[in-house]
file run_0.cif (mmCIF, C-alpha atoms)
data_structure
#
loop_
_atom_site.label_atom_id
_atom_site.label_comp_id
_atom_site.auth_asym_id
_atom_site.auth_seq_id
_atom_site.Cartn_x
_atom_site.Cartn_y
_atom_site.Cartn_z
CA MET A 1 2.82 -18.16 -37.87
CA LYS A 2 2.14 -14.48 -38.01
CA ALA A 3 -1.64 -14.92 -37.88
CA TRP A 4 -1.23 -17.30 -34.94
CA PHE A 5 0.89 -14.71 -33.10
CA TRP A 6 -1.66 -11.95 -33.60
CA ARG A 7 -4.45 -14.25 -32.44
CA VAL A 8 -2.58 -14.90 -29.21
CA VAL A 9 -1.99 -11.16 -28.77
CA ALA A 10 -5.70 -10.47 -29.36
CA VAL A 11 -6.71 -13.15 -26.84
CA VAL A 12 -4.30 -11.76 -24.22
CA VAL A 13 -5.55 -8.20 -24.78
CA LEU A 14 -9.18 -9.33 -24.57
CA LEU A 15 -8.45 -11.34 -21.45
CA GLY A 16 -6.77 -8.33 -19.83
CA PHE A 17 -9.64 -6.09 -20.81
CA GLY A 18 -12.12 -8.61 -19.40
CA ILE A 19 -10.28 -8.82 -16.09
CA TRP A 20 -10.14 -5.02 -15.91
CA ILE A 21 -13.89 -4.73 -16.56
CA TRP A 22 -14.53 -7.46 -13.96
CA THR A 23 -12.56 -5.56 -11.30
CA ILE A 24 -14.49 -2.40 -12.13
CA LEU A 25 -17.89 -4.10 -11.97
CA PHE A 26 -17.09 -6.39 -9.04
CA PRO A 27 -14.35 -4.71 -6.96
CA GLY A 28 -12.73 -6.73 -4.20
CA PRO A 29 -13.17 -5.74 -0.54
CA GLU A 30 -9.73 -4.11 -0.42
CA ARG A 31 -10.61 -1.82 -3.29
CA VAL A 32 -14.00 -1.00 -1.76
CA ILE A 33 -12.38 -0.18 1.59
CA ARG A 34 -9.82 2.12 -0.04
CA LYS A 35 -12.61 3.91 -1.85
CA ARG A 36 -14.64 4.21 1.35
CA LEU A 37 -11.70 5.73 3.19
CA GLN A 38 -11.05 8.21 0.39
CA GLU A 39 -14.74 9.14 0.50
CA LEU A 40 -14.44 9.64 4.25
CA ALA A 41 -11.52 12.04 3.77
CA LYS A 42 -13.51 13.91 1.15
CA SER A 43 -16.57 14.11 3.42
CA ALA A 44 -14.48 15.27 6.36
CA SER A 45 -13.08 18.13 4.29
CA PHE A 46 -15.08 21.31 4.13
CA GLY A 47 -14.78 24.93 3.12
CA GLY A 48 -15.41 28.07 5.11
CA ASN A 49 -18.64 28.85 3.31
CA GLU A 50 -20.51 25.74 4.45
CA SER A 51 -24.08 26.51 5.49
CA PRO A 52 -25.44 25.10 8.79
CA LEU A 53 -27.75 22.77 6.87
CA ALA A 54 -24.89 21.51 4.71
CA ALA A 55 -22.71 21.13 7.82
CA PHE A 56 -25.42 19.00 9.45
CA ALA A 57 -25.84 16.82 6.37
CA ASN A 58 -22.08 16.41 5.87
CA ALA A 59 -21.48 15.63 9.55
CA GLN A 60 -24.14 12.93 9.29
CA ARG A 61 -22.44 11.65 6.19
CA VAL A 62 -19.11 11.47 8.06
CA ALA A 63 -20.77 9.65 10.97
CA GLY A 64 -22.23 7.20 8.46
CA PHE A 65 -18.76 5.84 7.77
CA PHE A 66 -18.64 4.51 11.34
CA THR A 67 -20.61 1.83 13.17
CA ALA A 68 -23.05 2.81 15.92
CA GLU A 69 -20.65 1.48 18.59
CA VAL A 70 -17.50 2.98 17.14
CA GLU A 71 -14.59 3.58 19.47
CA ILE A 72 -11.99 6.23 18.63
CA LYS A 73 -8.77 6.49 20.62
CA ALA A 74 -6.87 9.68 19.91
CA ASP A 75 -3.44 10.29 21.39
CA VAL A 76 -2.08 13.22 19.44
CA PRO A 77 0.89 15.51 20.11
CA GLY A 78 0.19 18.35 22.49
CA ARG A 79 -3.08 16.94 23.82
CA SER A 80 -4.06 14.43 26.44
CA PRO A 81 -5.29 11.04 25.18
CA GLN A 82 -9.00 10.91 24.48
CA ILE A 83 -11.52 8.17 23.84
CA LEU A 84 -14.69 8.80 21.92
CA SER A 85 -17.40 6.15 21.93
CA GLY A 86 -20.49 5.91 19.76
CA ARG A 87 -21.61 7.34 16.46
CA GLU A 88 -23.86 9.95 18.07
CA LEU A 89 -21.01 11.45 20.05
CA LEU A 90 -18.85 11.35 16.95
CA PHE A 91 -21.53 13.22 15.02
CA GLN A 92 -21.66 15.92 17.68
CA THR A 93 -17.86 16.20 17.70
CA VAL A 94 -17.79 16.56 13.92
CA MET A 95 -20.52 19.21 14.08
CA HIS A 96 -18.59 21.09 16.74
CA ALA A 97 -15.36 20.90 14.71
CA ARG A 98 -17.13 22.13 11.59
CA SER A 99 -18.48 25.14 13.42
CA ALA A 100 -15.21 25.88 15.22
CA LEU A 101 -12.91 25.62 12.19
CA GLY A 102 -13.06 27.88 9.18
CA GLY A 103 -12.37 24.96 6.87
CA LEU A 104 -10.44 21.73 6.62
CA GLN A 105 -8.73 19.81 3.86
CA ALA A 106 -8.10 16.18 4.74
CA ASP A 107 -6.45 13.46 2.67
CA PHE A 108 -5.40 9.90 3.37
CA TYR A 109 -2.08 8.59 2.06
CA ASP A 110 -0.46 5.18 1.86
CA ILE A 111 -3.54 3.15 2.70
CA SER A 112 -2.67 -0.49 3.27
CA VAL A 113 -5.56 -2.86 3.81
CA VAL A 114 -5.56 -6.38 5.21
CA VAL A 115 -8.85 -8.19 4.79
CA ALA A 116 -9.68 -11.07 7.14
CA PRO A 117 -10.06 -14.52 5.54
CA ASP A 118 -13.82 -14.41 6.11
CA LYS A 119 -13.92 -11.09 4.19
CA LYS A 120 -16.19 -9.59 6.81
CA SER A 121 -13.63 -7.52 8.67
CA ALA A 122 -10.45 -5.67 7.79
CA GLU A 123 -7.62 -3.60 9.19
CA ALA A 124 -6.15 -0.59 7.46
CA ASN A 125 -3.10 1.56 8.11
CA LEU A 126 -3.00 5.03 6.64
CA THR A 127 -1.59 8.49 7.12
CA LEU A 128 -3.79 11.51 7.51
CA LYS A 129 -2.61 14.81 6.13
CA ALA A 130 -4.87 17.70 7.07
CA ARG A 131 -4.71 21.44 7.03
CA ALA A 132 -7.17 23.67 8.85
CA ALA A 133 -8.08 26.95 7.20
CA GLY A 134 -5.83 29.76 8.34
CA GLU A 135 -3.33 27.39 9.97
CA ARG A 136 0.24 27.31 8.75
CA ASP A 137 1.09 23.90 10.16
CA ILE A 138 -0.01 20.71 8.50
CA ILE A 139 -1.41 17.92 10.64
CA ILE A 140 0.25 14.59 9.93
CA GLN A 141 -1.09 11.59 11.79
CA GLU A 142 -0.68 7.90 11.24
CA LEU A 143 -3.90 6.00 11.87
CA LYS A 144 -5.03 2.44 12.23
CA VAL A 145 -8.64 1.58 11.54
CA TRP A 146 -10.63 -1.58 11.97
CA MET A 147 -13.64 -2.07 9.73
CA ASN A 148 -16.39 -4.58 9.34
CA LYS A 149 -19.36 -5.05 7.11
CA ALA A 150 -22.27 -3.48 8.90
CA GLU A 151 -25.60 -2.20 7.62
CA GLY A 152 -24.68 -3.28 4.09
CA ASN A 153 -21.36 -1.49 3.83
CA TRP A 154 -17.83 -1.33 5.21
CA ARG A 155 -17.82 0.80 8.35
CA ILE A 156 -15.18 1.71 10.90
CA TYR A 157 -15.78 0.19 14.31
CA ARG A 158 -12.45 1.20 15.82
CA LEU A 159 -9.92 3.91 15.05
CA GLU A 160 -6.64 4.60 16.82
CA THR A 161 -3.84 7.06 16.30
CA VAL A 162 -0.41 5.54 15.83
CA LYS A 163 2.69 7.16 17.27
CA THR A 164 5.31 7.13 14.56
CA LEU A 165 7.77 8.50 17.08
CA SER A 166 7.08 7.78 20.71
CA LEU A 167 8.34 8.96 24.02
CA LEU A 168 7.15 5.91 25.86
CA ARG A 169 7.31 7.56 29.20
CA GLU A 170 4.97 10.43 28.72
CA ASN A 171 7.52 13.05 29.76
CA VAL A 172 6.21 15.72 27.48
CA ALA A 173 3.25 15.90 25.20
CA GLN A 174 4.53 15.73 21.65
CA GLY A 175 4.24 18.54 19.14
CA SER A 176 5.40 20.03 15.83
CA ALA A 177 6.98 18.03 13.12
CA CYS A 178 9.22 18.49 10.12
CA GLY A 179 8.87 15.91 7.45
CA ALA A 180 9.12 14.79 3.87
CA LEU A 181 6.32 14.16 1.45
CA ARG A 182 7.05 12.12 -1.60
CA ASP A 183 4.25 13.53 -3.64
CA THR A 184 6.63 14.12 -2.20
CA THR A 185 7.44 15.86 1.09
CA ALA A 186 9.30 15.24 4.34
CA TYR A 187 8.08 16.70 7.61
CA ASP A 188 10.68 17.58 10.16
CA MET B 189 13.25 16.04 -50.46
CA GLU B 190 16.49 17.48 -51.75
CA LYS B 191 15.08 20.90 -51.18
CA ASP B 192 14.26 19.93 -47.57
CA LEU B 193 17.78 18.76 -46.98
CA GLU B 194 19.24 21.87 -48.49
CA THR B 195 17.13 24.25 -46.49
CA GLY B 196 17.18 22.10 -43.39
CA SER B 197 13.42 22.34 -43.03
CA GLY B 198 10.48 19.94 -43.54
CA PRO B 199 9.75 16.51 -42.07
CA GLY B 200 13.34 15.29 -42.23
CA TRP B 201 14.62 18.11 -40.07
CA LEU B 202 11.72 17.85 -37.63
CA GLN B 203 12.14 14.09 -37.38
CA ARG B 204 15.84 14.43 -36.56
CA VAL B 205 15.13 16.97 -33.81
CA VAL B 206 12.20 15.10 -32.25
CA ILE B 207 13.06 11.43 -32.61
CA GLY B 208 16.61 11.42 -33.99
CA ARG B 209 18.04 9.79 -37.09
CA ASN B 210 17.13 6.31 -35.97
CA PRO B 211 13.64 6.13 -34.41
CA LYS B 212 14.11 2.56 -33.19
CA ARG B 213 17.29 3.47 -31.35
CA THR B 214 15.60 6.56 -29.87
CA ALA B 215 12.66 4.45 -28.70
CA LEU B 216 15.06 2.00 -27.09
CA ARG B 217 16.91 4.86 -25.39
CA ILE B 218 13.62 6.24 -24.05
CA VAL B 219 12.63 2.84 -22.69
CA VAL B 220 16.02 2.30 -21.03
CA LEU B 221 16.04 5.83 -19.60
CA SER B 222 12.48 5.46 -18.28
CA ILE B 223 13.25 2.15 -16.59
CA THR B 224 16.48 3.57 -15.13
CA CYS B 225 14.68 6.63 -13.77
CA PHE B 226 11.85 4.51 -12.37
CA VAL B 227 14.21 2.16 -10.55
CA LEU B 228 16.57 4.94 -9.44
CA PHE B 229 13.96 7.32 -8.05
CA ARG B 230 11.73 4.64 -6.56
CA TYR B 231 14.17 2.23 -4.99
CA VAL B 232 17.47 4.10 -4.60
CA LEU B 233 17.11 7.88 -4.39
CA LEU B 234 13.67 8.97 -3.25
CA PRO B 235 12.94 12.55 -4.24
CA ILE B 236 11.39 14.51 -1.38
CA ARG B 237 10.28 18.02 -0.58
CA VAL B 238 10.89 19.33 2.92
CA GLU B 239 7.92 20.78 4.78
CA GLY B 240 7.94 22.23 8.28
CA VAL B 241 10.44 24.06 10.44
CA SER B 242 11.79 21.51 12.89
CA MET B 243 14.98 20.85 10.88
CA MET B 244 15.75 24.54 10.43
CA PRO B 245 18.23 25.98 9.73
CA THR B 246 19.89 22.83 8.34
CA TYR B 247 16.98 22.10 6.03
CA LYS B 248 14.75 24.93 4.99
CA GLU B 249 11.15 24.56 3.98
CA ARG B 250 10.14 23.58 0.46
CA ARG B 251 13.66 22.57 -0.51
CA PRO B 252 13.91 19.46 -2.66
CA ASN B 253 16.16 16.68 -1.49
CA PHE B 254 16.81 12.97 -1.92
CA VAL B 255 16.75 10.03 0.43
CA ASN B 256 19.34 7.35 -0.21
CA ARG B 257 17.57 4.09 0.49
CA LEU B 258 20.78 2.13 0.11
CA GLY B 259 22.57 4.29 2.66
CA TYR B 260 22.36 1.70 5.39
CA ILE B 261 23.14 -1.46 3.49
CA PHE B 262 26.70 -1.74 4.74
CA HIS B 263 26.33 -0.07 8.13
CA GLU B 264 23.61 0.89 10.57
CA PRO B 265 22.47 4.49 11.11
CA ARG B 266 25.01 6.59 12.94
CA ARG B 267 24.63 9.39 15.43
CA GLY B 268 24.22 12.71 13.65
CA ASP B 269 22.76 11.20 10.46
CA VAL B 270 19.69 12.95 9.08
CA VAL B 271 17.22 10.29 8.05
CA THR B 272 13.62 9.95 6.99
CA ILE B 273 11.20 7.89 9.03
CA ARG B 274 8.26 6.36 7.27
CA THR B 275 4.67 6.57 8.40
CA SER B 276 2.20 4.08 6.90
CA GLY B 277 4.12 4.37 3.64
CA TYR B 278 6.63 6.51 1.82
CA SER B 279 4.44 9.37 0.58
CA ILE B 280 4.76 11.15 3.90
CA MET B 281 7.87 10.75 6.03
CA TYR B 282 9.41 12.52 8.99
CA MET B 283 12.86 14.00 8.59
CA LYS B 284 14.91 13.88 11.79
CA ARG B 285 18.42 13.56 13.12
CA VAL B 286 19.57 10.43 14.90
CA ILE B 287 20.96 11.29 18.33
CA GLY B 288 20.41 8.06 20.26
CA LEU B 289 21.53 4.59 19.20
CA PRO B 290 20.29 1.18 20.37
CA GLY B 291 21.13 0.39 23.97
CA GLU B 292 21.90 3.99 24.91
CA THR B 293 20.13 6.22 27.40
CA VAL B 294 18.97 9.56 26.04
CA ALA B 295 17.96 12.58 28.08
CA PHE B 296 17.79 16.35 27.75
CA HIS B 297 19.18 18.56 30.48
CA LEU B 298 19.31 22.36 30.29
CA GLY B 299 18.64 22.09 26.56
CA HIS B 300 21.53 19.71 25.88
CA ALA B 301 21.14 16.17 24.64
CA VAL B 302 22.72 13.80 27.14
CA ILE B 303 23.72 10.33 25.94
CA ASP B 304 24.66 7.82 28.62
CA GLY B 305 25.38 10.68 30.99
CA GLN B 306 27.63 12.59 28.55
CA VAL B 307 26.56 15.87 26.95
CA LEU B 308 26.36 15.44 23.18
CA GLU B 309 28.24 17.99 21.08
CA GLU B 310 25.84 19.21 18.41
CA PRO B 311 27.45 21.83 16.16
CA TYR B 312 24.38 21.84 13.89
CA ILE B 313 22.18 23.33 16.62
CA LYS B 314 21.84 27.05 16.00
CA TYR B 315 18.83 27.78 18.19
CA PRO B 316 19.45 26.93 21.85
CA CYS B 317 16.69 25.57 24.08
CA ASP B 318 16.00 24.73 27.71
CA TRP B 319 14.46 21.32 27.25
CA GLU B 320 14.36 18.90 30.13
CA LEU B 321 13.60 15.27 29.41
CA PRO B 322 14.10 12.40 31.83
CA PRO B 323 16.43 9.57 30.74
CA ARG B 324 14.95 7.16 28.24
CA HIS B 325 16.71 3.84 27.66
CA LEU B 326 16.60 2.62 24.08
CA GLY B 327 15.93 -0.99 23.23
CA ALA B 328 18.07 -3.20 21.02
CA ASN B 329 16.44 -1.99 17.81
CA GLU B 330 15.47 1.53 18.80
CA TYR B 331 16.82 4.94 17.79
CA PHE B 332 16.09 8.38 19.20
CA PHE B 333 15.24 11.08 16.67
CA VAL B 334 14.99 14.82 17.10
CA GLY B 335 14.97 17.87 14.84
CA ASP B 336 17.66 20.54 14.67
CA ASN B 337 15.32 23.44 15.43
CA ARG B 338 14.91 23.45 19.18
CA SER B 339 13.73 27.01 19.51
CA MET B 340 10.22 25.85 20.37
CA PRO B 341 9.10 24.20 23.63
CA ALA B 342 9.76 20.47 23.80
CA SER B 343 6.01 19.85 23.79
CA ASP B 344 5.78 21.53 20.38
CA HIS B 345 8.61 19.54 18.84
CA TYR B 346 7.87 16.11 17.39
CA MET B 347 10.64 13.78 18.53
CA GLY B 348 11.05 10.38 20.04
CA VAL B 349 11.88 6.77 19.52
CA ALA B 350 11.27 4.55 16.52
CA THR B 351 12.53 1.14 15.55
CA ARG B 352 15.08 0.47 12.80
CA HIS B 353 12.50 -0.73 10.28
CA ARG B 354 10.96 2.75 10.26
CA ILE B 355 14.13 4.32 8.88
CA VAL B 356 13.79 4.70 5.12
CA GLY B 357 17.23 6.04 4.34
CA LYS B 358 19.75 8.79 4.73
CA VAL B 359 19.07 12.31 3.47
CA THR B 360 21.73 13.00 0.87
CA LEU B 361 22.02 16.77 0.39
#
call {"tool": "encode", "arguments": {"input": "run_0.cif", "output": "structure tokens"}}
result
Amino acid sequence: MKAWFWRVVAVVVLLGFGIWIWTILFPGPERVIRKRLQELAKSASFGGNESPLAAFANAQRVAGFFTAEVEIKADVPGRSPQILSGRELLFQTVMHARSALGGLQADFYDISVVVAPDKKSAEANLTLKARAAGERDIIIQELKVWMNKAEGNWRIYRLETVKTLSLLRENVAQGSACGALRDTTAYD
Amino acid sequence: MEKDLETGSGPGWLQRVVIGRNPKRTALRIVVLSITCFVLFRYVLLPIRVEGVSMMPTYKERRPNFVNRLGYIFHEPRRGDVVTIRTSGYSIMYMKRVIGLPGETVAFHLGHAVIDGQVLEEPYIKYPCDWELPPRHLGANEYFFVGDNRSMPASDHYMGVATRHRIVGKVTL
């Protein structure tokens, strides 16, 4: 009885270990997408001591997370809505931002991914938390991204900002926040 | 062993301090306490840390607080409640005060919140403002949120409308 019990335990443990190894070796699209988005946040972050050559290489790396025909719709507090089309323009914008800012730390939180049944496209909701060097205020922005498998990897073909709070009639451009993070904070 | 008991030192003493007289009971207590804490602080009282100035002076920066997720089980959010509003999840939330309820019309005139044409009394506002905002009618499931610190221009203050499902809970402290 006892030997039988321990055999079952051993089989369950081995099975669990096998499944874990399988997910490591052959991650599902959702896991790959999460990893890609975390890599994007890491690539978008930079310090103040970045050399021009490194800035060029890292901006190219950031642009590589997007498809050639990417469309980015940004409607952020305090600024007029903007649309950015194409990877080349995105690359130039990233280069400009890297030269204009003294540094940036970006992180994505609460990434939820929905993969299409054909497993060739996906939608993800996430929250960007970023802080520019020398700035006191933190940037919090909810984002929605659409990705597809292009050029052998998951790439973003569309990105839009999401208004957590909206003033539907655009009476005033929206600005500073106070909140709560649960790592944890709340922004007001 | 007798010597240990007499002097109160040695493994027996250490064992009593670290894991108690009955290790099995201590282990059970740890498990029960862990499960209780996990459930309590994940599903009932979310621990948060306040960042930003828009709820000043009611809520100062970096202060810890809790969000009661069960706060709106028996009734809907009320005017004046301070709530957290989720983003894509619960790691980052906005903390705001409810000033407009479903079906109402919210506006700002001469820095005062105006609800359905009536100026809203807001004793918690310590920094006056001169905001002007045209009337905004709220839908059946919509609430209007704004911070307590209105010393900045309206364009610099993050406020607006969100639906009920965005409200995580009521800030407790």
call {"tool": "closest_residue", "arguments": {"input": "run_0.cif", "among": "B:Arg354, B:Arg230, B:Arg285, B:Arg251", "to": "Arg266 of chain B", "atoms": "all atoms listed in the file"}}
result
B:Arg285
call {"tool": "closest_residue", "arguments": {"input": "run_0.cif", "among": "A:Trp4, A:Phe108, A:Phe91, A:Phe66", "to": "Glu151 of chain A", "atoms": "all atoms listed in the file"}}
result
A:Phe66
call {"tool": "resolve_selection", "arguments": {"input": "run_0.cif", "expression": "the PyMOL selection byres ((chain B) within 6 of (chain A))", "output": "number ranges by chain"}}
result
B: 236-243, 276-277, 279-284, 343-346, 348-350
call {"tool": "atom_distance", "arguments": {"input": "run_0.cif", "atom1": "atom CA of Arg34 of chain A", "atom2": "atom CA of Ala57 of chain A"}}
result
22.7 Å
call {"tool": "resolve_selection", "arguments": {"input": "run_0.cif", "expression": "the PyMOL selection byres ((chain B and resi 293) around 9)", "output": "VMD selection string"}}
result
chain B and resid 288 to 292 294 to 295 302 to 305 323 to 326
call {"tool": "residues_near_point", "arguments": {"input": "run_0.cif", "point": "(-22.6, -0.6, 13.4)", "cutoff": "12 Å", "atoms": "all atoms listed in the file", "output": "ChimeraX atom specification"}}
result
/A:63-71,86-88,147-158
call {"tool": "atom_distance", "arguments": {"input": "run_0.cif", "atom1": "atom CA of Arg7 of chain A", "atom2": "atom CA of Trp22 of chain A"}}
result
22.1 Å
call {"tool": "resolve_selection", "arguments": {"input": "run_0.cif", "expression": "the PyMOL selection byres ((chain A and resi 92-105) around 9)", "output": "number ranges by chain"}}
result
A: 41-42, 44-50, 52, 55-56, 58-60, 62-63, 87-91, 106-107, 129-134
call {"tool": "build_atoms", "arguments": {"input": "run_0.cif", "residues": "segment 251-282 of chain B", "atoms": "N, CA and C atoms", "output": "CSV table (one decimal), in the frame of the given file"}}
result
chain,number,residue,atom,x,y,z
B,251,ARG,N,12.5,22.9,0.3
B,251,ARG,CA,13.7,22.6,-0.5
B,251,ARG,C,13.5,21.1,-1.0
B,252,PRO,N,13.9,20.9,-2.2
B,252,PRO,CA,13.9,19.5,-2.7
B,252,PRO,C,15.1,18.7,-2.1
B,253,ASN,N,15.0,17.5,-2.0
B,253,ASN,CA,16.2,16.7,-1.5
B,253,ASN,C,16.0,15.2,-1.9
B,254,PHE,N,16.9,14.4,-1.6
B,254,PHE,CA,16.8,13.0,-1.9
B,254,PHE,C,17.1,12.1,-0.7
B,255,VAL,N,16.5,11.0,-0.6
B,255,VAL,CA,16.8,10.0,0.4
B,255,VAL,C,17.4,8.8,-0.2
B,256,ASN,N,18.6,8.5,0.3
B,256,ASN,CA,19.3,7.4,-0.2
B,256,ASN,C,18.9,6.1,0.5
B,257,ARG,N,18.1,5.3,-0.2
B,257,ARG,CA,17.6,4.1,0.5
B,257,ARG,C,18.6,3.0,0.7
B,258,LEU,N,19.7,3.1,0.0
B,258,LEU,CA,20.8,2.1,0.1
B,258,LEU,C,21.9,2.6,1.1
B,259,GLY,N,21.6,3.7,1.8
B,259,GLY,CA,22.6,4.3,2.7
B,259,GLY,C,23.0,3.4,3.8
B,260,TYR,N,22.1,2.5,4.2
B,260,TYR,CA,22.4,1.7,5.4
B,260,TYR,C,22.4,0.2,5.1
B,261,ILE,N,22.9,-0.1,3.9
B,261,ILE,CA,23.1,-1.5,3.5
B,261,ILE,C,24.4,-2.0,4.2
B,262,PHE,N,25.4,-1.2,4.2
B,262,PHE,CA,26.7,-1.7,4.7
B,262,PHE,C,26.9,-1.4,6.2
B,263,HIS,N,26.2,-0.4,6.7
B,263,HIS,CA,26.3,-0.1,8.1
B,263,HIS,C,25.0,0.4,8.6
B,264,GLU,N,24.9,0.4,9.9
B,264,GLU,CA,23.6,0.9,10.6
B,264,GLU,C,23.6,2.4,10.7
B,265,PRO,N,22.5,3.0,10.9
B,265,PRO,CA,22.5,4.5,11.1
B,265,PRO,C,23.4,4.9,12.2
B,266,ARG,N,24.1,6.1,12.0
B,266,ARG,CA,25.0,6.6,12.9
B,266,ARG,C,24.5,7.9,13.6
B,267,ARG,N,25.0,8.2,14.7
B,267,ARG,CA,24.6,9.4,15.4
B,267,ARG,C,25.0,10.6,14.6
B,268,GLY,N,24.0,11.5,14.4
B,268,GLY,CA,24.2,12.7,13.6
B,268,GLY,C,23.7,12.6,12.2
B,269,ASP,N,23.3,11.4,11.8
B,269,ASP,CA,22.8,11.2,10.5
B,269,ASP,C,21.4,11.8,10.4
B,270,VAL,N,21.1,12.5,9.3
B,270,VAL,CA,19.7,13.0,9.1
B,270,VAL,C,19.0,11.9,8.2
B,271,VAL,N,17.9,11.4,8.7
B,271,VAL,CA,17.2,10.3,8.0
B,271,VAL,C,15.7,10.6,7.9
B,272,THR,N,15.1,9.8,7.1
B,272,THR,CA,13.6,10.0,7.0
B,272,THR,C,13.0,8.7,7.6
B,273,ILE,N,11.9,9.0,8.3
B,273,ILE,CA,11.2,7.9,9.0
B,273,ILE,C,9.8,7.7,8.4
B,274,ARG,N,9.5,6.5,8.0
B,274,ARG,CA,8.3,6.4,7.3
B,274,ARG,C,7.1,6.4,8.2
B,275,THR,N,5.9,6.7,7.6
B,275,THR,CA,4.7,6.6,8.4
B,275,THR,C,4.0,5.3,7.9
B,276,SER,N,2.8,5.3,7.4
B,276,SER,CA,2.2,4.1,6.9
B,276,SER,C,2.7,3.7,5.5
B,277,GLY,N,3.5,4.6,5.0
B,277,GLY,CA,4.1,4.4,3.6
B,277,GLY,C,5.2,5.4,3.4
B,278,TYR,N,5.5,5.6,2.1
B,278,TYR,CA,6.6,6.5,1.8
B,278,TYR,C,6.2,7.8,1.2
B,279,SER,N,4.9,8.1,1.1
B,279,SER,CA,4.4,9.4,0.6
B,279,SER,C,4.7,10.5,1.6
B,280,ILE,N,4.5,10.2,2.8
B,280,ILE,CA,4.8,11.2,3.9
B,280,ILE,C,5.8,10.5,4.9
B,281,MET,N,6.9,11.3,5.1
B,281,MET,CA,7.9,10.8,6.0
B,281,MET,C,8.3,11.9,7.0
B,282,TYR,N,8.8,11.5,8.1
B,282,TYR,CA,9.4,12.5,9.0
B,282,TYR,C,10.9,12.6,8.7
